[in-house]
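Only one structure is covered here, and it is reproduced in the block below.
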Amino acid sequence: MDRREFLTARRKRHNSDNESGSGQPFRTLSGINPYTGSWTDTEVIHLLKRTMFGSKKADVDYFKTKTLSQAVDELLSPVSPNPAPPVKEYTTATNATTPDGNIAQGTTWINDYNSDGTVQSQRRASYKKWWTGAMINQDRSIREKLIMFLIDHFGNESTDVGNANWVYKQHDLIRQYVLGNFKQLVDAITKDVCMLRYLNGYLNNRNAPDENYARELMELFTLGKGPGSQYTENDVKEAAKVLTGWQINGTNYTSFFNPNRHSVVNKTFSPFFNNTVITGRTGPTGGQQELDDLLNMLFAQQEVAKFIVRKVYRWFVYYQIDAATEANVIVPLAEVFRNNNYEIKPMLATLFKSEHFFDVLNSGCYIKTPADQVIGSLREMNTQFPVLTDWDSNYRFWNVFYNWMANMGQVLHDPPNVSGMPAYYQEPSFHEIWINSDSLPKRNQFTDTMISFGYTANGNRVQFNCVAFAQTLTNPGNPNDLIDEVLKYFFRNELSAQSKAQIKTQILLTGQQWDYYWTNAWAAWVSSPTTANFNVINTRLRNLFQYFFNLSEYQLS
């Protein structure tokens with residue numbers, strides 16, 4: 001029995017009250033009414049773990065001084081500037097046909113137009129290191145996690161696209177719209193050079209309409225393929241004609257519309273779209289005019305809001321959507337989305353301020369993504385990195401942590417296919433896909449390594465400093481308070497009193513029975529921070545953190 005089944009079993013109702021019309025049990029009856037319960041460390045940590053990568057103690061302390069509404073509003077209103085673009089931290093490839101020796105080390109490559117495959121491979125690696133650094137250095141907002149959601153939603157594989165400049169341009173485009181209007185984002189992404197290349201939009205012309213993007217626009221990006229999405233195969237064909245004529249300028253890496261390649265016939269759609277006819281247009285603005293008509297037609301369907309809200313729900317709340325959740329959360333939240341003209345922020349604000357989001361059944365039940373595991377632990381342990389001006393050292397470190405995520409199954413901007421990461425759509429496993437016989441040992445190896453040795457670059461070391469973390473706690477000299485507070489920040493589910501007592505005795509007290517064996521050791525180091533005194537408490541704290549990080553409870557957020 002998993003945690004949700006256990007908690008649900010404790011709240012069983014009579015069958016007539018407990019089942020929906022579809023025969024599915026009600027996991028929770030809460031909805032999107034505003035949450036009016038307690039606002040303590042527990043709720044703050046839950047909110048931060050879902051909206052950011054990890055819940056740093058400093059962030060918890062900060063947001064606890066706000067009301068829930070103020071905290072959510074601030075998380076949805078980033079004020080810090082976006083990170084500076086990626087730089088050339090790699091060595092100019094001597095085997096490149098067109099090496100980029102004109103780009104100085106430490107300066108950005110995003111405006112240098114180079115089509116050499118070797119150079120672009122180096123730049124794709126540079127981009128992924130940079131993105132890892134952006135997540136590690138995120139501000140107190142949802143921005144970085146939402147960017148990851150939207151990049152996964154549009155599902156482009158950077159290795160297939162090939163050109164890192166185009167991949168970065170798509171990332172930057174999504175970054176611009178991340179908390180803006182979703183419909184406008186879809187319009188922009190349709191003409192994005194990365195998307196045009198990935199789904200063959202640049203090949204789409206009136207003589208041979210390519211259906212690739214039109215199909216994914218409906219199936220994966222807007223309408224989905226649920227029972228409420230009843231577009232036809234002919235609708236895809238007609239949409240493909242609407243989208244003819246968009247091309248890529250290989251000189252300046254921009255997209256443009258070529259009216260000579262555009263199908264000017266009228267496009268007729270099915271009864272699902274009220275038999276809409278999009279009039280064929282000519283001239284330089286014809287492509288955008290027809291695209292506007294197409295998106296207006298798509299977004300007039302209620303299923304668009306429901307489909308996007310379901311994806312948001314699975315990303316930020318839980319993977320399972322039963323009949324009660326559909327009725328109490330998805331449908332009304334989709335209405336909020338539509339009524340706000342597909343603005344992303346009001347919909348998210350309603351969700352994160354809702355009673356459902358803070359329902360006990362939605363806490364500590366979600367398996368961490370590799371990014372939550374790697375980036376979250378780095379942030380929660382307040383891991384220190386070199387100053388950002390030391391780009392060489394930082395990119396080396398960011399590469400290490402990117403590779404850890406990739407080895408655990410999450411390759412940035414390279415999902416296995418256009419559907420994105422399977423953990424967000426593959427029924428019935430969903431997020432359980434993140435944990436398997438290969439990935440779980442790697443998760444433990446990562447935290448073990450960060451506790452024991454860490455990594456070095458140019459004389460800098462990045463490592464979990466367990467003593468420094470303990471110093472930030474309220475009463476680290478008391479072994480019971482120390483364990484309770486560490487668990488508060490890292491675990492979402494309680495350990496039994498018996499388990500905590502046993503851990504305390506075996507690790508902090510090194511087999512002794514009295515608390516002063518730890519209290520005295522801590523006090524000795526505080527009063528006389530010699531190497532010998534430091535080693536005593538450092539060894540015990542490392543063992544404690546390593547033990548906690550290897551428990552299954554640590555894998556949940």
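Identifiers in this document derive from the order of the structure tokens: chains are assigned A, B, ..., residues are numbered from 1 separately in each chain, and ligands are numbered from 1 in order of occurrence.
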
Taking only residues of region 16-127 of chain A that have an atom at most 12 Å from an atom of region 404-415 of chain A, what is each one's shortest atom pair and its distance in Å to one decimal, using only C-alpha atoms, in chain and number order, as a Markdown table?
| residue | atom | partner | partner_atom | distance |
| --- | --- | --- | --- | --- |
| A:Arg124 | CA | A:His413 | CA | 9.6 |
| A:Ala125 | CA | A:Leu412 | CA | 10.1 |
| A:Ser126 | CA | A:Leu412 | CA | 11.7 |
| A:Tyr127 | CA | A:Leu412 | CA | 9.5 |

Residue selection dump (N, CA and C atoms) as a PDB file, in the first residue's frame:
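File written: out_31.pdb
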ATOM      1  N   ARG A 124      25.604  22.923 -28.007  1.00  0.00           N
ATOM      2  CA  ARG A 124      24.477  22.261 -27.338  1.00  0.00           C
ATOM      3  C   ARG A 124      24.881  21.833 -25.931  1.00  0.00           C
ATOM      4  N   ALA A 125      26.096  21.329 -25.799  1.00  0.00           N
ATOM      5  CA  ALA A 125      26.588  20.958 -24.465  1.00  0.00           C
ATOM      6  C   ALA A 125      26.709  22.200 -23.583  1.00  0.00           C
ATOM      7  N   SER A 126      27.190  23.297 -24.160  1.00  0.00           N
ATOM      8  CA  SER A 126      27.316  24.548 -23.424  1.00  0.00           C
ATOM      9  C   SER A 126      25.955  25.037 -22.950  1.00  0.00           C
ATOM     10  N   TYR A 127      24.962  24.933 -23.825  1.00  0.00           N
ATOM     11  CA  TYR A 127      23.595  25.360 -23.483  1.00  0.00           C
ATOM     12  C   TYR A 127      23.054  24.561 -22.305  1.00  0.00           C
TER      13      TYR A 127
END

(message) So that I can check the surroundings of region 203-217 of chain A, please list as a PyMOL selection string every protein, DNA and RNA residue that reaches within 9 Å of it, counting only C-alpha atoms and ignoring chain neighbours fewer than 4 positions away.
(response) chain A and resi 154+186+190+195-199+221-224+233+235-247+260-264+418-419

(request) Show which residues sit within 10 Å of Pro346 (chain A), as an MDAnalysis selection string. Count only C-alpha atoms, and ignore same-chain residues fewer than 4 positions away. (result) chainID A and resid 73 76 179:180 333 336:337 339:342 350:351

(message) Between A:Pro83, A:Ser527, A:Ser115, A:Phe149, which residue has the minimum interatomic distance to Gly420 (chain A), considering only C-alpha atoms?
(response) A:Phe149

(request) Show which residues sit within 12 Å of region 456-468 of chain A, as a ChimeraX atom specification. Count only C-alpha atoms, and ignore same-chain residues fewer than 5 positions away. (result) /A:374,377-387,390-401,446-451,473,476-477,482,486,522,525-526,529,533-546,549

(request) Mind the document's chain letters and residue numbers, and return as an NGL selection string the residues of region 187-302 of chain A that DSSP labels helix (DSSP H, G or I). (result) :A and (187-190 or 193-198 or 201-203 or 212-222 or 233-242 or 259-261 or 271-273 or 286-299 or 302)

Could the residues in this selection be written to a file with C-alpha atoms, as a CSV table (one decimal), in the first residue's frame?
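Now in result17.csv:
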chain,number,residue,atom,x,y,z
A,187,ASP,CA,1.6,31.5,-31.9
A,188,ALA,CA,5.2,32.3,-31.4
A,189,ILE,CA,6.4,28.7,-31.0
A,190,THR,CA,4.6,27.9,-34.3
A,193,VAL,CA,13.1,28.2,-36.0
A,194,CYS,CA,13.7,25.3,-33.6
A,195,MET,CA,10.1,24.1,-34.0
A,196,LEU,CA,10.1,24.7,-37.7
A,197,ARG,CA,13.2,22.5,-38.0
A,198,TYR,CA,12.1,19.8,-35.6
A,201,GLY,CA,7.4,23.1,-40.7
A,202,TYR,CA,10.1,24.7,-42.9
A,203,LEU,CA,9.3,22.0,-45.5
A,212,ASN,CA,3.8,16.9,-38.8
A,213,TYR,CA,3.4,20.2,-36.9
A,214,ALA,CA,-0.4,20.4,-37.5
A,215,ARG,CA,-0.8,17.0,-36.0
A,216,GLU,CA,1.2,17.8,-32.9
A,217,LEU,CA,-0.3,21.2,-32.5
A,218,MET,CA,-3.6,19.5,-32.0
A,219,GLU,CA,-2.6,16.3,-30.3
A,220,LEU,CA,0.2,17.4,-28.0
A,221,PHE,CA,0.2,21.2,-27.7
A,222,THR,CA,-3.4,22.3,-27.5
A,233,GLU,CA,-7.8,13.4,-39.7
A,234,ASN,CA,-9.1,15.8,-42.3
A,235,ASP,CA,-8.8,18.6,-39.7
A,236,VAL,CA,-5.1,17.9,-39.5
A,237,LYS,CA,-4.7,18.0,-43.2
A,238,GLU,CA,-6.6,21.3,-43.4
A,239,ALA,CA,-4.5,22.8,-40.6
A,240,ALA,CA,-1.3,21.7,-42.4
A,241,LYS,CA,-2.4,23.8,-45.4
A,242,VAL,CA,-3.0,26.8,-43.1
A,259,PRO,CA,3.7,33.6,-49.8
A,260,ASN,CA,4.8,31.8,-52.9
A,261,ARG,CA,4.8,28.5,-50.9
A,271,PRO,CA,-18.3,19.8,-37.0
A,272,PHE,CA,-16.0,19.6,-34.0
A,273,PHE,CA,-14.9,23.0,-35.1
A,286,GLY,CA,-1.5,35.9,-45.4
A,287,GLY,CA,0.3,33.3,-43.3
A,288,GLN,CA,-0.1,35.2,-40.1
A,289,GLN,CA,-3.8,36.0,-40.8
A,290,GLU,CA,-4.6,32.3,-41.4
A,291,LEU,CA,-2.5,31.3,-38.3
A,292,ASP,CA,-4.6,33.8,-36.2
A,293,ASP,CA,-7.8,32.2,-37.6
A,294,LEU,CA,-6.5,28.7,-36.8
A,295,LEU,CA,-5.5,29.5,-33.2
A,296,ASN,CA,-8.8,31.3,-32.6
A,297,MET,CA,-10.6,28.2,-33.8
A,298,LEU,CA,-8.5,25.9,-31.7
A,299,PHE,CA,-8.7,28.0,-28.5
A,302,GLN,CA,-13.1,24.2,-24.1

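With only C-alpha atoms as the atoms that count, the minimum distance from Val72 (chain A) to the choices A:Val360, A:Ala470, A:Leu556, A:Leu47 is reached by A:Leu47.
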
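Neighbours of Tyr489 (chain A) closer than or equal to 10 Å, with only C-alpha atoms counted and sequence neighbours fewer than 2 positions away skipped, come out as Asp41, Thr42, Ile45, His46, Lys49, Gly54, Ser55, Lys56, Lys57, Val60, Glu380, Met381, Asp484, Glu485, Val486, Leu487, Phe491 and Arg492 of chain A.
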
Store the residues picked out above in a file with N, CA and C atoms, as a short mmCIF file (atom, residue, chain, number, x, y, z; two decimals), in the first residue's frame.
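Result saved to part.cif:
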data_model
loop_
_atom_site.label_atom_id
_atom_site.label_comp_id
_atom_site.auth_asym_id
_atom_site.auth_seq_id
_atom_site.Cartn_x
_atom_site.Cartn_y
_atom_site.Cartn_z
N ASP A 41 5.64 26.09 8.62
CA ASP A 41 6.76 25.56 7.84
C ASP A 41 6.30 24.44 6.91
N THR A 42 5.41 23.60 7.39
CA THR A 42 4.95 22.45 6.61
C THR A 42 4.34 22.89 5.29
N ILE A 45 7.00 24.71 2.96
CA ILE A 45 7.92 23.75 2.33
C ILE A 45 7.22 23.01 1.20
N HIS A 46 5.98 22.60 1.41
CA HIS A 46 5.23 21.93 0.36
C HIS A 46 5.12 22.82 -0.88
N LYS A 49 8.66 23.20 -2.57
CA LYS A 49 9.17 21.99 -3.23
C LYS A 49 8.46 21.73 -4.55
N GLY A 54 13.61 22.34 -4.83
CA GLY A 54 13.98 22.27 -3.42
C GLY A 54 13.45 23.45 -2.62
N SER A 55 13.46 23.27 -1.30
CA SER A 55 13.00 24.33 -0.40
C SER A 55 14.15 24.70 0.53
N LYS A 56 14.93 25.68 0.14
CA LYS A 56 16.04 26.14 0.97
C LYS A 56 15.50 26.72 2.27
N LYS A 57 16.24 26.48 3.35
CA LYS A 57 15.80 27.01 4.64
C LYS A 57 15.63 28.53 4.59
N VAL A 60 12.38 29.24 2.99
CA VAL A 60 11.27 28.93 3.88
C VAL A 60 11.10 30.03 4.92
N GLU A 380 19.07 22.95 -1.38
CA GLU A 380 18.66 22.76 0.01
C GLU A 380 19.86 22.64 0.95
N MET A 381 20.94 22.09 0.44
CA MET A 381 22.15 22.00 1.26
C MET A 381 22.97 23.29 1.21
N ASP A 484 14.96 16.26 14.10
CA ASP A 484 13.62 16.71 13.71
C ASP A 484 13.68 17.83 12.68
N GLU A 485 14.61 18.77 12.86
CA GLU A 485 14.65 19.91 11.94
C GLU A 485 15.23 19.52 10.59
N VAL A 486 16.22 18.63 10.58
CA VAL A 486 16.74 18.15 9.29
C VAL A 486 15.63 17.44 8.52
N LEU A 487 14.88 16.58 9.21
CA LEU A 487 13.80 15.85 8.54
C LEU A 487 12.71 16.81 8.06
N PHE A 491 12.36 15.78 4.35
CA PHE A 491 11.35 14.74 4.21
C PHE A 491 9.97 15.37 4.25
N ARG A 492 9.04 14.79 3.49
CA ARG A 492 7.66 15.25 3.54
C ARG A 492 6.79 14.29 4.33
#

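The interatomic distance for the pair CA of Met52 (chain A) and CA of Ile321 (chain A) works out to 22.5 Å.
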
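Between CA of Asn328 (chain A) and CA of Leu29 (chain A) the interatomic distance comes to 7.3 Å.
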
(request) as JSON, numbers by chain, please: all residues of region 217-270 of chain A that backbone DSSP puts in strand (DSSP E). (result) {"A": [246, 247, 248, 249, 254, 255, 256, 257, 267, 268]}

Can you write out the residues you just picked, keeping C-alpha atoms, as a PDB file, in the first residue's frame?
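Output file out_20.pdb follows:
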ATOM      1  CA  TRP A 246       6.935  29.350 -43.151  1.00  0.00           C
ATOM      2  CA  GLN A 247      10.685  28.984 -43.705  1.00  0.00           C
ATOM      3  CA  ILE A 248      14.026  29.467 -41.951  1.00  0.00           C
ATOM      4  CA  ASN A 249      16.596  32.085 -42.948  1.00  0.00           C
ATOM      5  CA  THR A 254      15.119  33.795 -38.135  1.00  0.00           C
ATOM      6  CA  SER A 255      11.861  32.538 -39.582  1.00  0.00           C
ATOM      7  CA  PHE A 256       9.931  34.219 -42.354  1.00  0.00           C
ATOM      8  CA  PHE A 257       6.789  33.706 -44.391  1.00  0.00           C
ATOM      9  CA  LYS A 267      -9.629  25.321 -45.481  1.00  0.00           C
ATOM     10  CA  THR A 268     -12.780  23.598 -44.206  1.00  0.00           C
TER      11      THR A 268
END

(request) Find the residues near Val79 (chain A): any atom within 12 Å, counting only C-alpha atoms, skip ones fewer than 5 places away on the same chain, and give them as a PyMOL selection string. (result) chain A and resi 73-74+138-143

Preceding selection exported with C-alpha atoms as an mmCIF file, in the first residue's frame:
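The result, written out as out_36.cif:
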data_model
loop_
_atom_site.group_PDB
_atom_site.id
_atom_site.type_symbol
_atom_site.label_atom_id
_atom_site.label_comp_id
_atom_site.auth_asym_id
_atom_site.auth_seq_id
_atom_site.Cartn_x
_atom_site.Cartn_y
_atom_site.Cartn_z
ATOM 1 C CA ASP A 73 1.880 36.105 -5.805
ATOM 2 C CA GLU A 74 5.616 36.614 -5.319
ATOM 3 C CA GLN A 138 17.153 30.429 -9.562
ATOM 4 C CA ASP A 139 15.473 33.331 -7.829
ATOM 5 C CA ARG A 140 12.549 33.002 -5.439
ATOM 6 C CA SER A 141 10.019 32.297 -8.160
ATOM 7 C CA ILE A 142 8.436 29.528 -10.169
ATOM 8 C CA ARG A 143 10.128 30.744 -13.354
#

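Going from CA of Tyr90 (chain A) to CA of Asn165 (chain A) covers 15.2 Å.
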
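Candidate residues A:Ile110, A:Leu495, A:Val309, A:Ala104 were compared for distance to Tyr554 (chain A), and the nearest is A:Leu495, using only C-alpha atoms.
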
(request) Find the residues near Ser363 (chain A): any atom within 12 Å, counting only C-alpha atoms, skip ones fewer than 2 places away on the same chain, and give them as a VMD selection string. (result) chain A and resid 3 to 4 7 42 to 50 316 to 318 356 to 361 365 to 367 491 to 494 556 to 557

(message) My list of candidates is A:Asn252, A:Gln513, A:Thr118, A:Gln184. Which is closest to Asn95 (chain A) when distances are computed with only C-alpha atoms?
(response) A:Thr118
